[in-house]
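Participant: Provided below: query_24.pdb, containing PDB, C-alpha atoms.
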```
ATOM      1  CA  MET A 413     193.434 228.766 122.064  1.00  0.00           C
ATOM      2  CA  MET A 414     195.118 225.356 122.363  1.00  0.00           C
ATOM      3  CA  ARG A 415     195.876 225.810 126.079  1.00  0.00           C
ATOM      4  CA  ARG A 416     192.335 226.960 126.749  1.00  0.00           C
ATOM      5  CA  LEU A 417     190.883 223.910 125.035  1.00  0.00           C
ATOM      6  CA  LEU A 418     193.360 221.664 126.850  1.00  0.00           C
ATOM      7  CA  PHE A 419     192.446 223.152 130.223  1.00  0.00           C
ATOM      8  CA  TRP A 420     188.706 222.735 129.817  1.00  0.00           C
ATOM      9  CA  GLY A 421     189.143 219.314 128.246  1.00  0.00           C
ATOM     10  CA  LEU A 422     191.245 218.006 131.132  1.00  0.00           C
ATOM     11  CA  PHE A 423     189.626 219.782 134.069  1.00  0.00           C
ATOM     12  CA  PRO A 424     186.787 217.237 134.535  1.00  0.00           C
ATOM     13  CA  PHE A 425     189.453 214.610 135.264  1.00  0.00           C
ATOM     14  CA  VAL A 426     190.964 216.651 138.118  1.00  0.00           C
ATOM     15  CA  LEU A 427     187.649 217.902 139.476  1.00  0.00           C
ATOM     16  CA  PRO A 428     187.626 215.330 142.332  1.00  0.00           C
ATOM     17  CA  GLN A 429     191.050 216.597 143.418  1.00  0.00           C
ATOM     18  CA  ALA A 430     189.868 220.197 143.241  1.00  0.00           C
ATOM     19  CA  LEU A 431     186.802 219.468 145.349  1.00  0.00           C
ATOM     20  CA  TYR A 432     188.894 217.569 147.912  1.00  0.00           C
ATOM     21  CA  VAL A 433     191.380 220.430 148.227  1.00  0.00           C
ATOM     22  CA  ARG A 434     188.562 222.952 148.601  1.00  0.00           C
ATOM     23  CA  LYS A 435     187.029 220.851 151.385  1.00  0.00           C
ATOM     24  CA  THR A 436     190.204 220.023 153.314  1.00  0.00           C
ATOM     25  CA  ALA A 437     192.533 222.998 152.752  1.00  0.00           C
ATOM     26  CA  PRO A 438     193.571 224.900 155.915  1.00  0.00           C
ATOM     27  CA  ARG A 439     191.843 228.257 156.305  1.00  0.00           C
ATOM     28  CA  PHE A 440     194.285 230.806 157.667  1.00  0.00           C
ATOM     29  CA  ALA A 441     193.281 234.257 158.840  1.00  0.00           C
ATOM     30  CA  GLY A 442     194.837 237.428 157.493  1.00  0.00           C
ATOM     31  CA  ALA A 443     197.596 239.358 159.210  1.00  0.00           C
ATOM     32  CA  GLY A 444     197.017 240.862 162.636  1.00  0.00           C
ATOM     33  CA  GLY A 445     197.730 244.363 163.851  1.00  0.00           C
ATOM     34  CA  LEU A 446     197.046 247.668 162.145  1.00  0.00           C
ATOM     35  CA  ASP A 447     196.406 247.579 158.411  1.00  0.00           C
ATOM     36  CA  ARG A 448     198.257 250.878 157.930  1.00  0.00           C
ATOM     37  CA  GLY A 449     201.477 252.507 159.024  1.00  0.00           C
ATOM     38  CA  SER A 450     204.498 254.614 158.091  1.00  0.00           C
ATOM     39  CA  VAL A 451     208.141 253.825 157.443  1.00  0.00           C
ATOM     40  CA  GLY A 452     211.148 255.922 156.535  1.00  0.00           C
ATOM     41  CA  THR A 453     211.820 259.654 156.741  1.00  0.00           C
ATOM     42  CA  GLY A 454     211.647 262.599 154.386  1.00  0.00           C
ATOM     43  CA  GLU A 455     209.107 263.519 151.745  1.00  0.00           C
ATOM     44  CA  VAL A 456     205.846 261.625 152.257  1.00  0.00           C
ATOM     45  CA  ARG A 457     204.618 259.241 149.587  1.00  0.00           C
ATOM     46  CA  ASN A 458     201.385 257.293 149.915  1.00  0.00           C
ATOM     47  CA  LEU A 459     201.076 253.596 149.096  1.00  0.00           C
ATOM     48  CA  ALA A 460     197.818 251.660 149.015  1.00  0.00           C
ATOM     49  CA  ALA A 461     197.745 247.902 148.511  1.00  0.00           C
ATOM     50  CA  ILE A 462     194.470 246.381 147.319  1.00  0.00           C
ATOM     51  CA  GLY A 463     193.385 242.893 146.380  1.00  0.00           C
ATOM     52  CA  ASP A 464     193.153 239.331 147.626  1.00  0.00           C
ATOM     53  CA  SER A 465     194.571 237.268 150.507  1.00  0.00           C
ATOM     54  CA  ILE A 466     198.118 238.391 149.693  1.00  0.00           C
ATOM     55  CA  ILE A 467     197.073 241.953 150.525  1.00  0.00           C
ATOM     56  CA  ALA A 468     195.151 240.650 153.555  1.00  0.00           C
ATOM     57  CA  GLY A 469     198.516 239.301 154.731  1.00  0.00           C
ATOM     58  CA  VAL A 470     197.737 235.596 155.019  1.00  0.00           C
ATOM     59  CA  GLY A 471     200.924 233.861 156.115  1.00  0.00           C
ATOM     60  CA  ALA A 472     202.248 236.821 158.123  1.00  0.00           C
ATOM     61  CA  SER A 473     201.726 237.614 161.788  1.00  0.00           C
ATOM     62  CA  ASP A 474     201.064 241.312 161.167  1.00  0.00           C
ATOM     63  CA  PHE A 475     200.821 243.697 158.239  1.00  0.00           C
ATOM     64  CA  SER A 476     204.284 245.154 158.727  1.00  0.00           C
ATOM     65  CA  ARG A 477     205.655 241.663 157.956  1.00  0.00           C
ATOM     66  CA  ALA A 478     203.236 241.044 155.070  1.00  0.00           C
ATOM     67  CA  LEU A 479     203.557 242.224 151.481  1.00  0.00           C
ATOM     68  CA  VAL A 480     202.365 245.783 152.016  1.00  0.00           C
ATOM     69  CA  GLY A 481     204.676 246.413 154.974  1.00  0.00           C
ATOM     70  CA  ARG A 482     207.714 244.837 153.321  1.00  0.00           C
ATOM     71  CA  THR A 483     207.080 246.729 150.081  1.00  0.00           C
ATOM     72  CA  ALA A 484     206.812 249.996 151.988  1.00  0.00           C
ATOM     73  CA  GLN A 485     210.068 249.312 153.835  1.00  0.00           C
ATOM     74  CA  HIS A 486     212.009 248.572 150.662  1.00  0.00           C
ATOM     75  CA  LEU A 487     210.410 251.450 148.755  1.00  0.00           C
ATOM     76  CA  ALA A 488     211.270 253.944 151.493  1.00  0.00           C
ATOM     77  CA  SER A 489     214.861 252.715 151.420  1.00  0.00           C
ATOM     78  CA  LEU A 490     215.141 252.817 147.642  1.00  0.00           C
ATOM     79  CA  LEU A 491     213.635 256.285 147.280  1.00  0.00           C
ATOM     80  CA  GLY A 492     214.892 257.886 150.485  1.00  0.00           C
ATOM     81  CA  CYS A 493     211.449 259.036 151.555  1.00  0.00           C
ATOM     82  CA  ARG A 494     208.666 258.257 154.017  1.00  0.00           C
ATOM     83  CA  ILE A 495     206.025 255.807 152.875  1.00  0.00           C
ATOM     84  CA  ASP A 496     202.583 255.975 154.454  1.00  0.00           C
ATOM     85  CA  TRP A 497     200.928 252.664 153.626  1.00  0.00           C
ATOM     86  CA  GLN A 498     197.532 250.993 153.912  1.00  0.00           C
ATOM     87  CA  ALA A 499     196.297 247.495 153.064  1.00  0.00           C
ATOM     88  CA  ILE A 500     192.814 246.825 151.673  1.00  0.00           C
ATOM     89  CA  GLY A 501     192.532 243.095 151.107  1.00  0.00           C
ATOM     90  CA  ARG A 502     189.923 240.377 151.270  1.00  0.00           C
ATOM     91  CA  ILE A 503     190.575 236.654 151.353  1.00  0.00           C
ATOM     92  CA  GLY A 504     189.067 234.970 148.293  1.00  0.00           C
ATOM     93  CA  ALA A 505     188.519 238.181 146.321  1.00  0.00           C
ATOM     94  CA  VAL A 506     188.512 237.962 142.533  1.00  0.00           C
ATOM     95  CA  SER A 507     189.310 240.914 140.294  1.00  0.00           C
ATOM     96  CA  ARG A 508     185.681 241.957 139.960  1.00  0.00           C
ATOM     97  CA  ASP A 509     185.220 241.945 143.756  1.00  0.00           C
ATOM     98  CA  VAL A 510     188.168 244.285 144.194  1.00  0.00           C
ATOM     99  CA  ARG A 511     186.703 246.874 141.834  1.00  0.00           C
ATOM    100  CA  LEU A 512     183.122 246.657 143.074  1.00  0.00           C
ATOM    101  CA  ASP A 513     183.632 246.072 146.802  1.00  0.00           C
ATOM    102  CA  LEU A 514     187.095 247.212 147.879  1.00  0.00           C
ATOM    103  CA  MET A 515     187.909 250.320 145.873  1.00  0.00           C
ATOM    104  CA  SER A 516     185.541 252.388 147.985  1.00  0.00           C
ATOM    105  CA  GLN A 517     187.865 251.732 150.947  1.00  0.00           C
ATOM    106  CA  LEU A 518     190.847 253.477 149.357  1.00  0.00           C
ATOM    107  CA  PRO A 519     192.034 256.404 151.476  1.00  0.00           C
ATOM    108  CA  ASP A 520     190.749 259.846 150.561  1.00  0.00           C
ATOM    109  CA  LYS A 521     194.143 261.306 149.714  1.00  0.00           C
ATOM    110  CA  GLU A 522     196.562 261.457 146.830  1.00  0.00           C
ATOM    111  CA  LEU A 523     198.116 258.066 146.121  1.00  0.00           C
ATOM    112  CA  HIS A 524     201.586 257.822 144.648  1.00  0.00           C
ATOM    113  CA  TYR A 525     201.732 254.024 144.509  1.00  0.00           C
ATOM    114  CA  ILE A 526     199.043 251.368 144.231  1.00  0.00           C
ATOM    115  CA  LEU A 527     199.971 247.718 144.682  1.00  0.00           C
ATOM    116  CA  VAL A 528     197.434 245.281 143.227  1.00  0.00           C
ATOM    117  CA  SER A 529     197.240 241.531 143.825  1.00  0.00           C
ATOM    118  CA  VAL A 530     194.553 239.620 141.929  1.00  0.00           C
ATOM    119  CA  GLY A 531     194.371 236.625 139.649  1.00  0.00           C
ATOM    120  CA  VAL A 532     194.905 233.431 141.631  1.00  0.00           C
ATOM    121  CA  ASN A 533     191.272 233.358 142.755  1.00  0.00           C
ATOM    122  CA  ASP A 534     190.164 234.075 139.203  1.00  0.00           C
ATOM    123  CA  VAL A 535     192.120 230.982 138.145  1.00  0.00           C
ATOM    124  CA  THR A 536     190.802 228.702 140.889  1.00  0.00           C
ATOM    125  CA  SER A 537     187.205 229.935 140.545  1.00  0.00           C
ATOM    126  CA  LEU A 538     187.336 228.998 136.838  1.00  0.00           C
ATOM    127  CA  THR A 539     186.870 232.511 135.494  1.00  0.00           C
ATOM    128  CA  ARG A 540     186.855 232.502 131.707  1.00  0.00           C
ATOM    129  CA  SER A 541     189.931 234.068 130.158  1.00  0.00           C
ATOM    130  CA  ALA A 542     187.937 236.721 128.290  1.00  0.00           C
ATOM    131  CA  LEU A 543     186.180 237.714 131.506  1.00  0.00           C
ATOM    132  CA  TRP A 544     189.503 237.832 133.372  1.00  0.00           C
ATOM    133  CA  ARG A 545     190.843 240.214 130.734  1.00  0.00           C
ATOM    134  CA  ARG A 546     187.777 242.453 130.942  1.00  0.00           C
ATOM    135  CA  ASN A 547     187.581 242.487 134.741  1.00  0.00           C
ATOM    136  CA  LEU A 548     191.291 243.202 135.137  1.00  0.00           C
ATOM    137  CA  ALA A 549     191.145 246.027 132.593  1.00  0.00           C
ATOM    138  CA  ASP A 550     188.098 247.499 134.328  1.00  0.00           C
ATOM    139  CA  LEU A 551     189.867 247.363 137.699  1.00  0.00           C
ATOM    140  CA  LEU A 552     193.117 248.908 136.542  1.00  0.00           C
ATOM    141  CA  ASN A 553     191.371 251.603 134.532  1.00  0.00           C
ATOM    142  CA  ALA A 554     189.212 252.456 137.546  1.00  0.00           C
ATOM    143  CA  LEU A 555     192.342 252.754 139.687  1.00  0.00           C
ATOM    144  CA  ARG A 556     193.975 254.931 137.036  1.00  0.00           C
ATOM    145  CA  GLU A 557     190.932 257.206 136.971  1.00  0.00           C
ATOM    146  CA  ARG A 558     190.926 257.346 140.782  1.00  0.00           C
ATOM    147  CA  SER A 559     194.622 258.243 140.972  1.00  0.00           C
ATOM    148  CA  PRO A 560     195.861 259.633 137.634  1.00  0.00           C
ATOM    149  CA  GLY A 561     199.422 260.175 138.831  1.00  0.00           C
ATOM    150  CA  ALA A 562     199.983 256.953 140.739  1.00  0.00           C
ATOM    151  CA  VAL A 563     202.298 254.130 139.756  1.00  0.00           C
ATOM    152  CA  ILE A 564     200.072 251.044 139.614  1.00  0.00           C
ATOM    153  CA  ALA A 565     202.011 247.823 140.190  1.00  0.00           C
ATOM    154  CA  LEU A 566     200.275 244.511 139.503  1.00  0.00           C
ATOM    155  CA  THR A 567     201.823 241.382 140.969  1.00  0.00           C
ATOM    156  CA  GLY A 568     202.407 238.638 138.469  1.00  0.00           C
ATOM    157  CA  LEU A 569     200.626 235.350 139.014  1.00  0.00           C
ATOM    158  CA  PRO A 570     202.720 232.904 141.042  1.00  0.00           C
ATOM    159  CA  PRO A 571     203.841 229.452 139.836  1.00  0.00           C
ATOM    160  CA  LEU A 572     200.805 227.448 140.920  1.00  0.00           C
ATOM    161  CA  TRP A 573     202.397 224.375 139.371  1.00  0.00           C
ATOM    162  CA  GLY A 574     204.638 224.154 142.446  1.00  0.00           C
ATOM    163  CA  PHE A 575     202.271 225.000 145.306  1.00  0.00           C
ATOM    164  CA  PRO A 576     202.661 222.266 147.976  1.00  0.00           C
ATOM    165  CA  LEU A 577     198.961 222.274 148.870  1.00  0.00           C
ATOM    166  CA  LEU A 578     197.916 221.279 145.366  1.00  0.00           C
ATOM    167  CA  PRO A 579     198.267 217.627 144.342  1.00  0.00           C
ATOM    168  CA  ARG A 580     199.269 216.560 140.872  1.00  0.00           C
ATOM    169  CA  PRO A 581     197.908 216.675 138.230  1.00  0.00           C
ATOM    170  CA  LEU A 582     195.680 219.497 139.568  1.00  0.00           C
ATOM    171  CA  ARG A 583     198.663 221.761 140.256  1.00  0.00           C
ATOM    172  CA  ASP A 584     200.002 221.250 136.728  1.00  0.00           C
ATOM    173  CA  LEU A 585     196.700 222.194 135.143  1.00  0.00           C
ATOM    174  CA  LEU A 586     196.208 225.239 137.370  1.00  0.00           C
ATOM    175  CA  GLY A 587     199.824 226.222 136.748  1.00  0.00           C
ATOM    176  CA  MET A 588     199.205 226.187 133.023  1.00  0.00           C
ATOM    177  CA  ARG A 589     196.081 228.291 133.486  1.00  0.00           C
ATOM    178  CA  ALA A 590     197.905 230.763 135.726  1.00  0.00           C
ATOM    179  CA  LYS A 591     200.600 231.225 133.099  1.00  0.00           C
ATOM    180  CA  GLN A 592     197.944 231.972 130.491  1.00  0.00           C
ATOM    181  CA  PHE A 593     196.264 234.488 132.804  1.00  0.00           C
ATOM    182  CA  ASP A 594     199.616 236.119 133.538  1.00  0.00           C
ATOM    183  CA  GLU A 595     200.251 236.593 129.825  1.00  0.00           C
ATOM    184  CA  ILE A 596     196.847 238.270 129.546  1.00  0.00           C
ATOM    185  CA  ALA A 597     197.711 240.480 132.516  1.00  0.00           C
ATOM    186  CA  ILE A 598     200.922 241.617 130.811  1.00  0.00           C
ATOM    187  CA  GLU A 599     198.906 242.643 127.762  1.00  0.00           C
ATOM    188  CA  VAL A 600     196.315 244.517 129.838  1.00  0.00           C
ATOM    189  CA  VAL A 601     198.945 246.358 131.892  1.00  0.00           C
ATOM    190  CA  GLY A 602     200.740 247.351 128.691  1.00  0.00           C
ATOM    191  CA  GLU A 603     197.677 249.314 127.617  1.00  0.00           C
ATOM    192  CA  ILE A 604     197.520 251.450 130.783  1.00  0.00           C
ATOM    193  CA  ALA A 605     199.874 254.397 131.252  1.00  0.00           C
ATOM    194  CA  GLY A 606     201.878 254.319 134.469  1.00  0.00           C
ATOM    195  CA  ALA A 607     201.088 250.665 135.189  1.00  0.00           C
ATOM    196  CA  VAL A 608     203.686 247.953 135.595  1.00  0.00           C
ATOM    197  CA  HIS A 609     203.431 244.179 135.730  1.00  0.00           C
ATOM    198  CA  VAL A 610     205.936 242.757 138.222  1.00  0.00           C
ATOM    199  CA  PRO A 611     206.682 239.070 137.509  1.00  0.00           C
ATOM    200  CA  LEU A 612     206.904 236.590 140.371  1.00  0.00           C
ATOM    201  CA  ASP A 613     209.907 234.548 139.331  1.00  0.00           C
ATOM    202  CA  PHE A 614     210.845 232.164 142.125  1.00  0.00           C
ATOM    203  CA  GLU A 615     211.339 228.458 142.662  1.00  0.00           C
ATOM    204  CA  PRO A 616     208.258 227.250 144.608  1.00  0.00           C
ATOM    205  CA  THR A 617     210.049 225.040 147.116  1.00  0.00           C
ATOM    206  CA  PRO A 618     208.091 224.117 150.282  1.00  0.00           C
ATOM    207  CA  ASP A 619     210.190 226.413 152.490  1.00  0.00           C
ATOM    208  CA  LYS A 620     208.843 229.436 150.598  1.00  0.00           C
ATOM    209  CA  PHE A 621     205.300 228.806 151.888  1.00  0.00           C
ATOM    210  CA  ALA A 622     203.325 229.238 155.068  1.00  0.00           C
ATOM    211  CA  ALA A 623     202.053 226.138 156.861  1.00  0.00           C
ATOM    212  CA  ASP A 624     199.010 226.025 154.580  1.00  0.00           C
ATOM    213  CA  GLY A 625     201.238 225.255 151.584  1.00  0.00           C
ATOM    214  CA  TYR A 626     199.539 227.990 149.583  1.00  0.00           C
ATOM    215  CA  HIS A 627     200.485 231.466 150.855  1.00  0.00           C
ATOM    216  CA  PRO A 628     203.952 232.995 151.327  1.00  0.00           C
ATOM    217  CA  CYS A 629     205.701 232.608 154.640  1.00  0.00           C
ATOM    218  CA  GLU A 630     207.046 235.708 156.392  1.00  0.00           C
ATOM    219  CA  GLU A 631     210.528 235.196 154.935  1.00  0.00           C
ATOM    220  CA  SER A 632     209.070 235.050 151.430  1.00  0.00           C
ATOM    221  CA  TYR A 633     207.201 238.302 151.974  1.00  0.00           C
ATOM    222  CA  VAL A 634     210.583 240.009 152.490  1.00  0.00           C
ATOM    223  CA  ALA A 635     211.761 239.034 149.005  1.00  0.00           C
ATOM    224  CA  PHE A 636     208.284 239.600 147.560  1.00  0.00           C
ATOM    225  CA  GLY A 637     208.213 243.131 148.961  1.00  0.00           C
ATOM    226  CA  GLN A 638     211.664 243.890 147.587  1.00  0.00           C
ATOM    227  CA  THR A 639     210.587 242.711 144.140  1.00  0.00           C
ATOM    228  CA  MET A 640     207.473 244.886 144.179  1.00  0.00           C
ATOM    229  CA  ALA A 641     209.349 247.928 145.496  1.00  0.00           C
ATOM    230  CA  GLU A 642     211.972 247.632 142.784  1.00  0.00           C
ATOM    231  CA  GLY A 643     209.248 247.366 140.154  1.00  0.00           C
ATOM    232  CA  MET A 644     207.560 250.497 141.488  1.00  0.00           C
ATOM    233  CA  ALA A 645     210.797 252.450 141.883  1.00  0.00           C
ATOM    234  CA  ALA A 646     211.696 251.809 138.257  1.00  0.00           C
ATOM    235  CA  TYR A 647     208.573 253.761 137.277  1.00  0.00           C
ATOM    236  CA  SER A 648     208.923 256.479 139.896  1.00  0.00           C
ATOM    237  CA  ASP A 649     209.665 260.089 138.974  1.00  0.00           C
ATOM    238  CA  ILE A 650     211.396 260.803 142.294  1.00  0.00           C
TER     239      ILE A 650
END
```
Rewrite the structure of this file - the entire thing - as structure tokens.
Facilitator:
Amino acid sequence: MMRRLLFWGLFPFVLPQALYVRKTAPRFAGAGGLDRGSVGTGEVRNLAAIGDSIIAGVGASDFSRALVGRTAQHLASLLGCRIDWQAIGRIGAVSRDVRLDLMSQLPDKELHYILVSVGVNDVTSLTRSALWRRNLADLLNALRERSPGAVIALTGLPPLWGFPLLPRPLRDLLGMRAKQFDEIAIEVVGEIAGAVHVPLDFEPTPDKFAADGYHPCEESYVAFGQTMAEGMAAYSDI
């Protein structure tokens, strides 16, 4: 309650910064190349990644070097199997958009793993915390209903307080809000069987980011993918 009141009480003072960043921030396209592929050998397991610009691969030259491709590579190695993967992402998508607009694009086959990235746009679009909780729960429950046996892995919210694109004090305020939303996400995930919240615990130094100062660079997607794969593998029955 105190952090919520603090956020809304202070936000009017950083609004000029927020509007300036929105107007001047670089707009990078998503990853190039095919948004699906296969990696590894052996028993086939299907991975679908769905969500925002992270799933769209912003900051990577192609999807094999973005989060979905790197996660598939690490997962195939960890589990000794073949991973068939597909990315379904949209730049700027909030959690509600993913459920209403993107879920229909999931492949018509059994999914063993679902990687979900949402939350940052809910923070920056000033979604209320209660609505974030409801929309996230609706999304994850819809994914669970769609694929009852899948491991659903939700990426934690990143440390916005250190994003190079964001000036201070805007980045501090958004960082505080992101931490609050991440705590809500942990609670929501804990109520859904077979779902796992995978924290993003890294030091947000400038070298971790693409040239826009906001999305991961290709090197960061390697570590990001390893983190997500390890989180999924811990919940795998293979």
Participant: Decode the PyMOL selection byres ((chain A and resi 636-645) around 7) for the given file into explicit residues and return them as a ChimeraX atom specification.
Facilitator: /A:479,482-483,486-487,563,565,610,632-635,646-648
Participant: From the list A:Pro438, A:Gly445, A:Pro576, A:Leu543, which residue is nearest Gln498 of chain A when using only C-alpha atoms?
Facilitator: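 That would be A:Gly445, the residue with the smallest distance to Gln498 of chain A.
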Participant: For the PyMOL selection byres ((chain A and resi 586-599) around 7), applied here, can you spell out every residue it catches as a PyMOL selection string?
Facilitator: chain A and resi 535+541+545+568-569+571-573+582-585+600-603+609
Participant: Considering all atoms listed in the file, return as a PyMOL selection string whatever protein or nucleic-acid residues lie within 12 Å of Leu552 of chain A, sequence-local ones (same chain, fewer than 4 positions apart) excluded.
Facilitator: chain A and resi 462-463+507-508+510-511+515+526-530+545-548+556-560+562-566+597+600-609
Participant: Apply the PyMOL selection byres ((chain A and resi 475) around 12) to the structure shown and report the selected residues as a ChimeraX atom specification.
Facilitator: /A:442-450,461,465-474,476-485,497-501,630,633-634,637
Participant: Go ahead and write the selection's residues with C-alpha atoms as an mmCIF file, in the coordinates of the input.
Facilitator:
```cif
data_model
loop_
_atom_site.group_PDB
_atom_site.id
_atom_site.type_symbol
_atom_site.label_atom_id
_atom_site.label_comp_id
_atom_site.auth_asym_id
_atom_site.auth_seq_id
_atom_site.Cartn_x
_atom_site.Cartn_y
_atom_site.Cartn_z
ATOM 1 C CA GLY A 442 194.837 237.428 157.493
ATOM 2 C CA ALA A 443 197.596 239.358 159.210
ATOM 3 C CA GLY A 444 197.017 240.862 162.636
ATOM 4 C CA GLY A 445 197.730 244.363 163.851
ATOM 5 C CA LEU A 446 197.046 247.668 162.145
ATOM 6 C CA ASP A 447 196.406 247.579 158.411
ATOM 7 C CA ARG A 448 198.257 250.878 157.930
ATOM 8 C CA GLY A 449 201.477 252.507 159.024
ATOM 9 C CA SER A 450 204.498 254.614 158.091
ATOM 10 C CA ALA A 461 197.745 247.902 148.511
ATOM 11 C CA SER A 465 194.571 237.268 150.507
ATOM 12 C CA ILE A 466 198.118 238.391 149.693
ATOM 13 C CA ILE A 467 197.073 241.953 150.525
ATOM 14 C CA ALA A 468 195.151 240.650 153.555
ATOM 15 C CA GLY A 469 198.516 239.301 154.731
ATOM 16 C CA VAL A 470 197.737 235.596 155.019
ATOM 17 C CA GLY A 471 200.924 233.861 156.115
ATOM 18 C CA ALA A 472 202.248 236.821 158.123
ATOM 19 C CA SER A 473 201.726 237.614 161.788
ATOM 20 C CA ASP A 474 201.064 241.312 161.167
ATOM 21 C CA SER A 476 204.284 245.154 158.727
ATOM 22 C CA ARG A 477 205.655 241.663 157.956
ATOM 23 C CA ALA A 478 203.236 241.044 155.070
ATOM 24 C CA LEU A 479 203.557 242.224 151.481
ATOM 25 C CA VAL A 480 202.365 245.783 152.016
ATOM 26 C CA GLY A 481 204.676 246.413 154.974
ATOM 27 C CA ARG A 482 207.714 244.837 153.321
ATOM 28 C CA THR A 483 207.080 246.729 150.081
ATOM 29 C CA ALA A 484 206.812 249.996 151.988
ATOM 30 C CA GLN A 485 210.068 249.312 153.835
ATOM 31 C CA TRP A 497 200.928 252.664 153.626
ATOM 32 C CA GLN A 498 197.532 250.993 153.912
ATOM 33 C CA ALA A 499 196.297 247.495 153.064
ATOM 34 C CA ILE A 500 192.814 246.825 151.673
ATOM 35 C CA GLY A 501 192.532 243.095 151.107
ATOM 36 C CA GLU A 630 207.046 235.708 156.392
ATOM 37 C CA TYR A 633 207.201 238.302 151.974
ATOM 38 C CA VAL A 634 210.583 240.009 152.490
ATOM 39 C CA GLY A 637 208.213 243.131 148.961
#
```
Participant: How many Å lie between atom CA of Leu490 of chain A and atom CA of Lys521 of chain A, rounded to one decimal?
Facilitator: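 Those two atoms sit 22.7 Å apart.
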Participant: Hey, can you check how far atom CA of Phe575 of chain A sits from atom CA of Trp544 of chain A?
Facilitator: 21.7 Å
Participant: Which value, in Å to one decimal, gives the distance between atom CA of Lys435 of chain A and atom CA of Pro618 of chain A?
Facilitator: 21.3 Å
Participant: With distances taken over all atoms listed in the file, which of A:Leu538, A:Val456, A:Ala622, A:Val506 is nearest to Pro424 of chain A?
Facilitator: A:Leu538
Participant: Taking only C-alpha atoms into account, name the residue in A:Arg502, A:Thr453, A:Asp624, A:His524 that is nearest to Ser489 of chain A.
Facilitator: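 Comparing A:Arg502, A:Thr453, A:Asp624, A:His524 against Ser489 of chain A, the winner is A:Thr453.
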Participant: For Cys629 of chain A, which residue out of A:Thr539, A:Leu578, A:Phe440, A:Pro611 is the nearest one, using all atoms listed in the file?
Facilitator: A:Phe440
Participant: Let me make sure I understand: among A:Thr567, A:Asp464, A:Leu427, A:Glu631, which one has the smallest atom-to-atom distance to Asp513 of chain A if we use all atoms listed in the file?
Facilitator: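 For Asp513 of chain A, the nearest of the candidates is A:Asp464.
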Participant: Kindly indicate which residue among A:Ala549, A:Leu523, A:Val532, A:Leu459 lies nearest to Ala488 of chain A, using all atoms listed in the file for the distances.
Facilitator: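 Of the candidates, the smallest distance to Ala488 of chain A is held by A:Leu459.
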